[in-house]
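Pasting entry_36.txt here (compact mmCIF, C-alpha atoms):
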```
# COMPACT_ATOMS: atom_id res chain seq x y z
CA MET A 1 3.30 -7.57 20.71
CA ILE A 2 3.91 -9.26 17.37
CA THR A 3 1.35 -11.97 16.54
CA ILE A 4 2.12 -14.95 14.32
CA LYS A 5 -0.81 -16.14 12.23
CA SER A 6 -1.77 -19.76 11.65
CA ALA A 7 -2.34 -21.19 8.18
CA ARG A 8 -6.08 -20.89 8.82
CA GLU A 9 -5.79 -17.23 9.76
CA ILE A 10 -3.69 -16.48 6.70
CA GLU A 11 -6.35 -18.11 4.53
CA LEU A 12 -9.03 -15.96 6.16
CA MET A 13 -6.93 -12.89 5.43
CA ARG A 14 -6.48 -14.06 1.82
CA VAL A 15 -10.26 -14.18 1.38
CA SER A 16 -10.54 -10.68 2.83
CA GLY A 17 -7.68 -9.65 0.57
CA LYS A 18 -9.48 -10.92 -2.50
CA ILE A 19 -12.35 -8.51 -1.79
CA THR A 20 -9.89 -5.66 -1.42
CA ALA A 21 -8.09 -6.66 -4.62
CA LYS A 22 -11.27 -7.01 -6.66
CA THR A 23 -12.49 -3.63 -5.45
CA LEU A 24 -9.21 -1.93 -6.35
CA THR A 25 -9.19 -3.62 -9.76
CA MET A 26 -12.69 -2.30 -10.43
CA LEU A 27 -11.71 1.22 -9.38
CA MET A 28 -8.59 1.16 -11.56
CA LYS A 29 -10.78 0.34 -14.55
CA THR A 30 -13.60 2.77 -13.68
CA VAL A 31 -12.16 6.01 -12.32
CA LYS A 32 -11.91 8.75 -14.95
CA PRO A 33 -11.76 12.54 -15.30
CA GLY A 34 -14.92 14.29 -14.13
CA MET A 35 -15.60 11.94 -11.21
CA THR A 36 -15.30 13.26 -7.69
CA THR A 37 -13.34 11.52 -4.97
CA ALA A 38 -16.69 11.02 -3.20
CA ASP A 39 -17.90 9.11 -6.29
CA VAL A 40 -14.89 6.81 -5.99
CA ASP A 41 -15.58 6.29 -2.30
CA ARG A 42 -19.19 5.26 -2.96
CA LEU A 43 -18.11 2.76 -5.62
CA ALA A 44 -15.60 1.25 -3.22
CA GLU A 45 -18.09 0.90 -0.37
CA ASP A 46 -20.71 -0.69 -2.63
CA SER A 47 -18.14 -3.15 -3.97
CA ILE A 48 -16.85 -4.27 -0.58
CA ARG A 49 -20.32 -4.68 0.89
CA SER A 50 -21.59 -6.53 -2.19
CA MET A 51 -19.00 -9.25 -1.52
CA GLY A 52 -19.87 -9.55 2.17
CA GLY A 53 -17.05 -7.43 3.55
CA THR A 54 -17.04 -4.38 5.80
CA PRO A 55 -15.02 -1.26 4.92
CA THR A 56 -12.32 -1.24 7.61
CA PHE A 57 -11.65 2.48 7.47
CA ILE A 58 -15.19 3.58 8.34
CA GLY A 59 -15.18 4.50 12.02
CA TYR A 60 -11.42 3.98 12.42
CA ASN A 61 -10.30 6.74 14.80
CA GLY A 62 -13.37 8.68 13.71
CA TYR A 63 -12.72 8.40 9.96
CA ALA A 64 -15.99 8.41 8.01
CA HIS A 65 -15.13 6.93 4.60
CA THR A 66 -14.29 3.65 2.84
CA ILE A 67 -11.13 4.87 1.11
CA CYS A 68 -8.45 7.45 1.48
CA ALA A 69 -8.29 9.42 -1.79
CA SER A 70 -5.07 11.40 -2.10
CA VAL A 71 -4.44 13.57 -5.17
CA ASN A 72 -1.09 14.75 -6.55
CA GLU A 73 0.92 16.24 -3.67
CA GLU A 74 -1.32 14.48 -1.13
CA VAL A 75 0.67 11.50 0.12
CA VAL A 76 -1.96 9.62 2.15
CA HIS A 77 -5.20 9.99 4.12
CA GLY A 78 -6.93 12.32 1.67
CA ILE A 79 -10.62 12.62 2.58
CA PRO A 80 -13.13 11.83 -0.21
CA GLY A 81 -15.38 14.75 -1.08
CA PRO A 82 -16.44 17.11 -3.86
CA ARG A 83 -13.01 17.41 -5.46
CA VAL A 84 -13.29 16.70 -9.19
CA LEU A 85 -10.56 14.56 -10.72
CA THR A 86 -9.05 16.14 -13.81
CA GLU A 87 -6.90 14.95 -16.69
CA GLY A 88 -3.30 14.53 -15.57
CA ASP A 89 -3.98 14.01 -11.86
CA LEU A 90 -2.47 11.19 -9.84
CA LEU A 91 -4.93 9.52 -7.46
CA SER A 92 -3.71 7.33 -4.60
CA ILE A 93 -6.44 5.01 -3.31
CA ASP A 94 -5.93 3.29 0.05
CA ILE A 95 -8.54 0.74 1.09
CA GLY A 96 -9.17 -1.93 3.72
CA THR A 97 -11.64 -4.77 4.11
CA THR A 98 -12.68 -6.64 7.25
CA LEU A 99 -14.16 -10.11 6.76
CA ASP A 100 -14.80 -12.66 9.51
CA GLY A 101 -12.75 -10.52 11.87
CA TYR A 102 -9.64 -10.30 9.67
CA VAL A 103 -8.33 -7.24 7.86
CA SER A 104 -6.64 -6.73 4.50
CA ASP A 105 -5.11 -3.43 3.40
CA SER A 106 -3.90 -2.29 -0.02
CA ALA A 107 -3.20 0.86 -2.00
CA VAL A 108 -2.46 1.94 -5.55
CA THR A 109 -1.68 5.18 -7.32
CA ILE A 110 -3.46 5.51 -10.65
CA PRO A 111 -3.31 8.03 -13.49
CA ILE A 112 -6.40 10.08 -14.28
CA GLY A 113 -6.47 10.12 -18.06
CA GLU A 114 -3.10 10.90 -19.60
CA VAL A 115 -0.37 11.93 -17.16
CA SER A 116 3.14 13.25 -17.64
CA ALA A 117 6.14 11.04 -18.24
CA ALA A 118 7.52 12.18 -14.88
CA ALA A 119 4.33 11.07 -13.11
CA LYS A 120 4.43 7.68 -14.84
CA ARG A 121 8.04 7.21 -13.78
CA LEU A 122 7.20 8.04 -10.15
CA MET A 123 4.37 5.48 -10.16
CA ASP A 124 6.55 2.80 -11.76
CA VAL A 125 9.42 3.27 -9.32
CA THR A 126 7.08 3.30 -6.31
CA GLN A 127 5.48 0.02 -7.37
CA GLU A 128 8.95 -1.43 -7.92
CA CYS A 129 9.87 -0.31 -4.40
CA LEU A 130 6.90 -2.25 -3.06
CA MET A 131 7.83 -5.42 -4.91
CA LEU A 132 11.47 -5.16 -3.87
CA GLY A 133 10.36 -4.80 -0.25
CA ILE A 134 8.07 -7.82 -0.58
CA ALA A 135 10.92 -9.86 -2.07
CA GLN A 136 12.80 -9.40 1.21
CA MET A 137 10.01 -11.07 3.19
CA GLN A 138 11.88 -14.36 3.39
CA ALA A 139 11.89 -16.36 6.62
CA GLY A 140 15.13 -15.57 8.44
CA ASN A 141 15.56 -12.12 6.93
CA ARG A 142 15.16 -9.08 9.14
CA LEU A 143 12.75 -6.17 9.17
CA GLY A 144 15.47 -3.74 8.16
CA ASP A 145 15.99 -5.65 4.92
CA ILE A 146 12.55 -4.51 3.73
CA GLY A 147 13.08 -0.81 4.37
CA HIS A 148 16.63 -0.93 3.01
CA ALA A 149 15.43 -2.39 -0.29
CA VAL A 150 12.72 0.25 -0.64
CA GLN A 151 14.97 3.15 0.29
CA GLN A 152 17.86 2.09 -1.93
CA HIS A 153 15.67 1.77 -5.02
CA ALA A 154 13.76 5.03 -4.48
CA GLU A 155 16.82 7.12 -3.70
CA SER A 156 18.76 5.64 -6.63
CA HIS A 157 16.14 7.31 -8.84
CA GLY A 158 16.41 10.63 -6.99
CA TYR A 159 13.16 10.29 -5.04
CA GLY A 160 12.34 10.95 -1.40
CA VAL A 161 11.21 8.25 1.04
CA VAL A 162 8.66 9.47 3.59
CA ARG A 163 9.90 8.87 7.14
CA GLN A 164 6.92 10.00 9.20
CA LEU A 165 4.57 7.27 7.96
CA VAL A 166 5.29 3.54 7.92
CA GLY A 167 3.86 0.14 7.09
CA HIS A 168 2.65 -2.17 9.83
CA GLY A 169 1.67 -5.58 11.03
CA ILE A 170 -1.92 -6.54 10.28
CA GLY A 171 -4.42 -9.20 11.32
CA THR A 172 -7.52 -8.85 13.46
CA LYS A 173 -6.62 -5.16 13.66
CA MET A 174 -5.56 -2.89 10.83
CA HIS A 175 -2.48 -1.68 12.71
CA GLU A 176 -0.53 -4.26 14.66
CA GLU A 177 3.13 -4.59 15.60
CA PRO A 178 5.68 -4.28 14.15
CA GLN A 179 6.01 -0.96 12.41
CA VAL A 180 7.61 -1.32 8.97
CA PRO A 181 9.61 1.76 7.91
CA ASN A 182 10.34 2.31 4.23
CA TYR A 183 13.97 3.00 5.09
CA GLY A 184 16.51 1.17 7.18
CA THR A 185 19.64 -0.90 7.50
CA ALA A 186 19.91 -4.36 5.99
CA GLY A 187 20.47 -7.12 8.53
CA HIS A 188 18.94 -5.19 11.43
CA GLY A 189 15.65 -5.47 13.26
CA THR A 190 13.12 -8.19 14.02
CA VAL A 191 13.67 -11.60 12.42
CA LEU A 192 10.94 -12.46 9.91
CA ARG A 193 9.16 -15.69 10.85
CA PRO A 194 6.60 -17.78 8.95
CA GLY A 195 3.13 -16.56 9.91
CA LEU A 196 4.10 -12.91 10.22
CA VAL A 197 1.74 -10.77 8.13
CA LEU A 198 2.73 -7.24 7.16
CA ALA A 199 1.27 -4.35 5.20
CA ILE A 200 4.19 -2.87 3.26
CA GLU A 201 3.43 0.56 1.80
CA PRO A 202 6.14 2.69 0.21
CA MET A 203 5.25 6.38 0.08
CA ILE A 204 7.64 7.97 -2.40
CA THR A 205 7.95 11.63 -3.37
CA GLU A 206 9.38 13.58 -6.30
CA GLY A 207 11.22 15.93 -3.97
CA THR A 208 11.77 16.19 -0.24
CA PHE A 209 10.67 13.35 2.04
CA GLU A 210 9.31 15.94 4.50
CA VAL A 211 5.51 16.01 4.87
CA GLU A 212 2.89 17.97 6.80
CA THR A 213 -0.70 17.34 7.84
CA LEU A 214 -3.48 19.70 6.77
CA ASP A 215 -5.94 21.33 9.14
CA ASP A 216 -8.49 18.56 8.52
CA GLY A 217 -6.30 16.38 10.74
CA TRP A 218 -5.97 13.64 8.14
CA THR A 219 -4.56 14.69 4.77
CA VAL A 220 -0.77 14.40 4.58
CA ILE A 221 0.93 16.39 1.83
CA THR A 222 4.48 16.82 0.59
CA GLU A 223 6.09 19.85 2.19
CA ASP A 224 7.37 21.12 -1.17
CA GLY A 225 4.12 20.52 -3.07
CA LYS A 226 5.63 17.94 -5.42
CA LEU A 227 3.96 14.71 -6.47
CA ALA A 228 3.76 11.59 -4.31
CA ALA A 229 2.84 7.98 -5.01
CA HIS A 230 1.72 5.18 -2.69
CA PHE A 231 1.46 1.42 -3.25
CA GLU A 232 0.62 -1.21 -0.63
CA HIS A 233 -0.02 -4.92 -0.23
CA THR A 234 -0.82 -7.25 2.65
CA ILE A 235 1.74 -10.07 2.64
CA ALA A 236 2.39 -13.19 4.71
CA VAL A 237 5.82 -14.67 5.37
CA THR A 238 5.72 -18.42 4.60
CA ASN A 239 8.26 -21.20 4.34
CA GLU A 240 7.80 -20.96 0.57
CA GLY A 241 8.48 -17.23 0.47
CA PRO A 242 6.21 -14.17 0.65
CA LYS A 243 2.53 -14.68 -0.15
CA ILE A 244 0.71 -11.56 -1.34
CA LEU A 245 -2.81 -11.71 0.12
CA THR A 246 -4.10 -8.69 -1.85
CA LEU A 247 -2.65 -9.59 -5.25
CA ARG A 248 -4.78 -8.24 -8.08
CA ASP A 249 -5.70 -10.33 -11.11
CA TYR A 250 -3.89 -8.23 -13.68
CA ALA A 251 -1.08 -5.73 -14.15
CA GLU A 252 1.06 -7.38 -11.49
CA HIS A 253 3.51 -10.25 -11.56
CA PRO A 254 3.05 -12.72 -8.68
CA ASP A 255 6.66 -13.97 -8.84
CA VAL A 256 8.43 -11.53 -6.54
CA ASN A 257 11.65 -13.50 -6.97
CA ARG A 258 12.21 -11.62 -10.21
CA PHE A 259 12.89 -8.52 -8.09
CA ARG A 260 15.52 -10.25 -5.97
CA PRO A 261 19.24 -10.00 -6.71
CA LYS A 262 20.31 -12.75 -9.09
CA GLU A 263 22.51 -14.43 -6.52
CA GLU A 264 19.57 -14.59 -4.06
CA ALA A 265 17.10 -15.86 -6.64
CA ALA A 266 19.49 -18.67 -7.54
CA ALA A 267 20.01 -19.74 -3.93
```
Rewrite the coordinates I just gave you, this time as structure tokens.
Amino acid sequence: MITIKSAREIELMRVSGKITAKTLTMLMKTVKPGMTTADVDRLAEDSIRSMGGTPTFIGYNGYAHTICASVNEEVVHGIPGPRVLTEGDLLSIDIGTTLDGYVSDSAVTIPIGEVSAAAKRLMDVTQECLMLGIAQMQAGNRLGDIGHAVQQHAESHGYGVVRQLVGHGIGTKMHEEPQVPNYGTAGHGTVLRPGLVLAIEPMITEGTFEVETLDDGWTVITEDGKLAAHFEHTIAVTNEGPKILTLRDYAEHPDVNRFRPKEEAAA
């Protein structure tokens, strides 16, 4: 069942989202070669708890960590541990915060030191996919408009769009209805209504969109071993357009209208 949030609930989720955003901002500034993914996890947990939040992922379906830390060909759900981050790696950090019963969820892919031009391009296009998907979160649009925008942009650059993992509704639970695929047909699917809150999370690959799960039961990797990137925000549909509840304080532009087609932005 899809739940529509009140203005009060959206504000509670925004406060939760601020903790998530501040924690990710700190990690983006702090993580460097020589750190382990367990080091990053500890920093994230300390940050969330210092602001009064609870790490949502800890205990979720038996998961034991604050973040998912996915490196290079790992798409999502990488388990923090002794792995040392080295110059040229890509690190995808997925994180959630629960505050006053409401959840926020966000993810970024960051470079470890200097990375290749190809890796930078993959990160840039994946973040653009996210913003293009968010721009479709206009009241009256349909769920398929989001996935279509993501898929069209990724595939126009020759990238794969993961099918087996999707975005989701979010609120008092991390995963609520509806599912939000990163592919689809424009004009199809559930109508987007004010008060609907979604976690949109493009997972884009350099090669095939096919993925597999490792024996640990969590880590999802690209089937061909090529790089992947992952960006995510928690966003509310409002009468004034999409409201990003996990927007970070820098390196992002809050005006998603700039990603909309010119004829839409002028409407």
Would you write out, as CSV, a table of all residues in range 134-196 of chain A that have an atom no more than 7 Å from an atom of range 202-217 of chain A, listing for each the closest atom pair and the distance in Å to one decimal, considering all atoms listed in the file and ordering rows by chain and rising residue number?
```
residue,atom,partner,partner_atom,distance
A:Tyr159,CA,A:Glu206,CA,5.2
A:Gly160,CA,A:Phe209,CA,4.5
A:Val161,CA,A:Ile204,CA,5.0
A:Val162,CA,A:Phe209,CA,4.6
A:Arg163,CA,A:Phe209,CA,6.8
A:Asn182,CA,A:Pro202,CA,5.8
```
If you keep C-alpha atoms, can you produce a file of those selected residues as a PDB file, keeping the file's coordinate frame?
```pdb
ATOM      1  CA  TYR A 159      13.160  10.290  -5.040  1.00  0.00           C
ATOM      2  CA  GLY A 160      12.340  10.950  -1.400  1.00  0.00           C
ATOM      3  CA  VAL A 161      11.210   8.250   1.040  1.00  0.00           C
ATOM      4  CA  VAL A 162       8.660   9.470   3.590  1.00  0.00           C
ATOM      5  CA  ARG A 163       9.900   8.870   7.140  1.00  0.00           C
ATOM      6  CA  ASN A 182      10.340   2.310   4.230  1.00  0.00           C
TER       7      ASN A 182
END
```
* Can you tell me how far CA of Leu122 in chain A sits from CA of Val150 in chain A, in Å to one decimal? ->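 Value for the CA of Leu122 in chain A-CA of Val150 in chain A distance: 13.5 Å.
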* To do: Kindly give the distance, in Å, that separates CA of Ala107 in chain A and CA of Gly187 in chain A, rounded to a single decimal.
  => 27.1 Å
Could you build a table of the residues in range 123-234 of chain A lying no more than 12 Å from range 36-59 of chain A, giving for each the nearest pair of atoms and their separation in Å rounded to one decimal place, using only C-alpha atoms, ordered by chain and ascending residue number, as a tab-separated table?
```
residue	atom	partner	partner_atom	distance
A:Ile170	CA	A:Thr56	CA	12.0
A:Gly171	CA	A:Thr56	CA	11.8
A:Thr172	CA	A:Thr56	CA	10.7
A:Lys173	CA	A:Thr56	CA	9.2
A:Met174	CA	A:Thr56	CA	7.7
A:His175	CA	A:Thr56	CA	11.1
```
* Surrounding residues of range 89-106 of chain A excluding itself and chain neighbours under 4 positions, 8 Å, all atoms listed in the file, as a PyMOL selection string -> chain A and resi 9+12-17+19-21+24+48+52-57+66-72+75-77+85+110-113+115+119+170-174+199+229-234+245-246
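Here CA of Met137 in chain A is placed at a distance of 22.8 Å from CA of His157 in chain A.
Shortest separation to Gln127 in chain A among A:Gly81, A:Glu176, A:Glu201, A:Gly144 occurs at residue A:Glu201, atoms counted being only C-alpha atoms.
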* **Contact residues around Thr3 in chain A with only C-alpha atoms at 9 Å, ignoring same-chain residues under 2 positions, as a list of chain:residue names** =>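 My reading of the contact set: A:Met1, A:Lys5, A:Gly169, A:Ile170, A:Gly171, A:Glu176, A:Glu177, A:Gly195, A:Leu196, A:Val197.
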* Pick the closest to Lys226 in chain A from A:Met26, A:Thr238, A:Glu74, A:Lys120: which is it, counting all atoms listed in the file? ->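 Among the listed residues, the smallest separation from Lys226 in chain A belongs to A:Glu74.
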* **Nearest residue to Leu165 in chain A from the set A:Ile200, A:Val237, A:Leu130, A:Ala7 (distances using only C-alpha atoms)** =>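 Of A:Ile200, A:Val237, A:Leu130, A:Ala7, the one nearest Leu165 in chain A is A:Ile200, counting only C-alpha atoms.
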Around range 157-160 of chain A, with edges along x, y and z and 3 Å added on all six sides, what centre and edge lengths do you get, in Å to one decimal, as lines of an AutoDock Vina configuration file?
```
center_x = 14.4
center_y = 9.1
center_z = -5.1
size_x = 10.1
size_y = 9.6
size_z = 13.4
```
Is it possible to get the residues within 7 Å of (9.3, -1.3, 6.0) (coordinates as in the file, counting only C-alpha atoms) written as an mmCIF file with C-alpha atoms, in the frame of the given file?
```
data_model
loop_
_atom_site.group_PDB
_atom_site.id
_atom_site.type_symbol
_atom_site.label_atom_id
_atom_site.label_comp_id
_atom_site.auth_asym_id
_atom_site.auth_seq_id
_atom_site.Cartn_x
_atom_site.Cartn_y
_atom_site.Cartn_z
ATOM 1 C CA LEU A 143 12.750 -6.170 9.170
ATOM 2 C CA GLY A 144 15.470 -3.740 8.160
ATOM 3 C CA ILE A 146 12.550 -4.510 3.730
ATOM 4 C CA GLY A 147 13.080 -0.810 4.370
ATOM 5 C CA VAL A 166 5.290 3.540 7.920
ATOM 6 C CA GLY A 167 3.860 0.140 7.090
ATOM 7 C CA VAL A 180 7.610 -1.320 8.970
ATOM 8 C CA PRO A 181 9.610 1.760 7.910
ATOM 9 C CA ASN A 182 10.340 2.310 4.230
ATOM 10 C CA TYR A 183 13.970 3.000 5.090
ATOM 11 C CA ILE A 200 4.190 -2.870 3.260
#
```
* Asked: With only C-alpha atoms as the atoms that count, which of A:Asn239, A:Asn141, A:Ser6, A:Ser116 lies nearest to Leu227 in chain A?
  -> A:Ser116
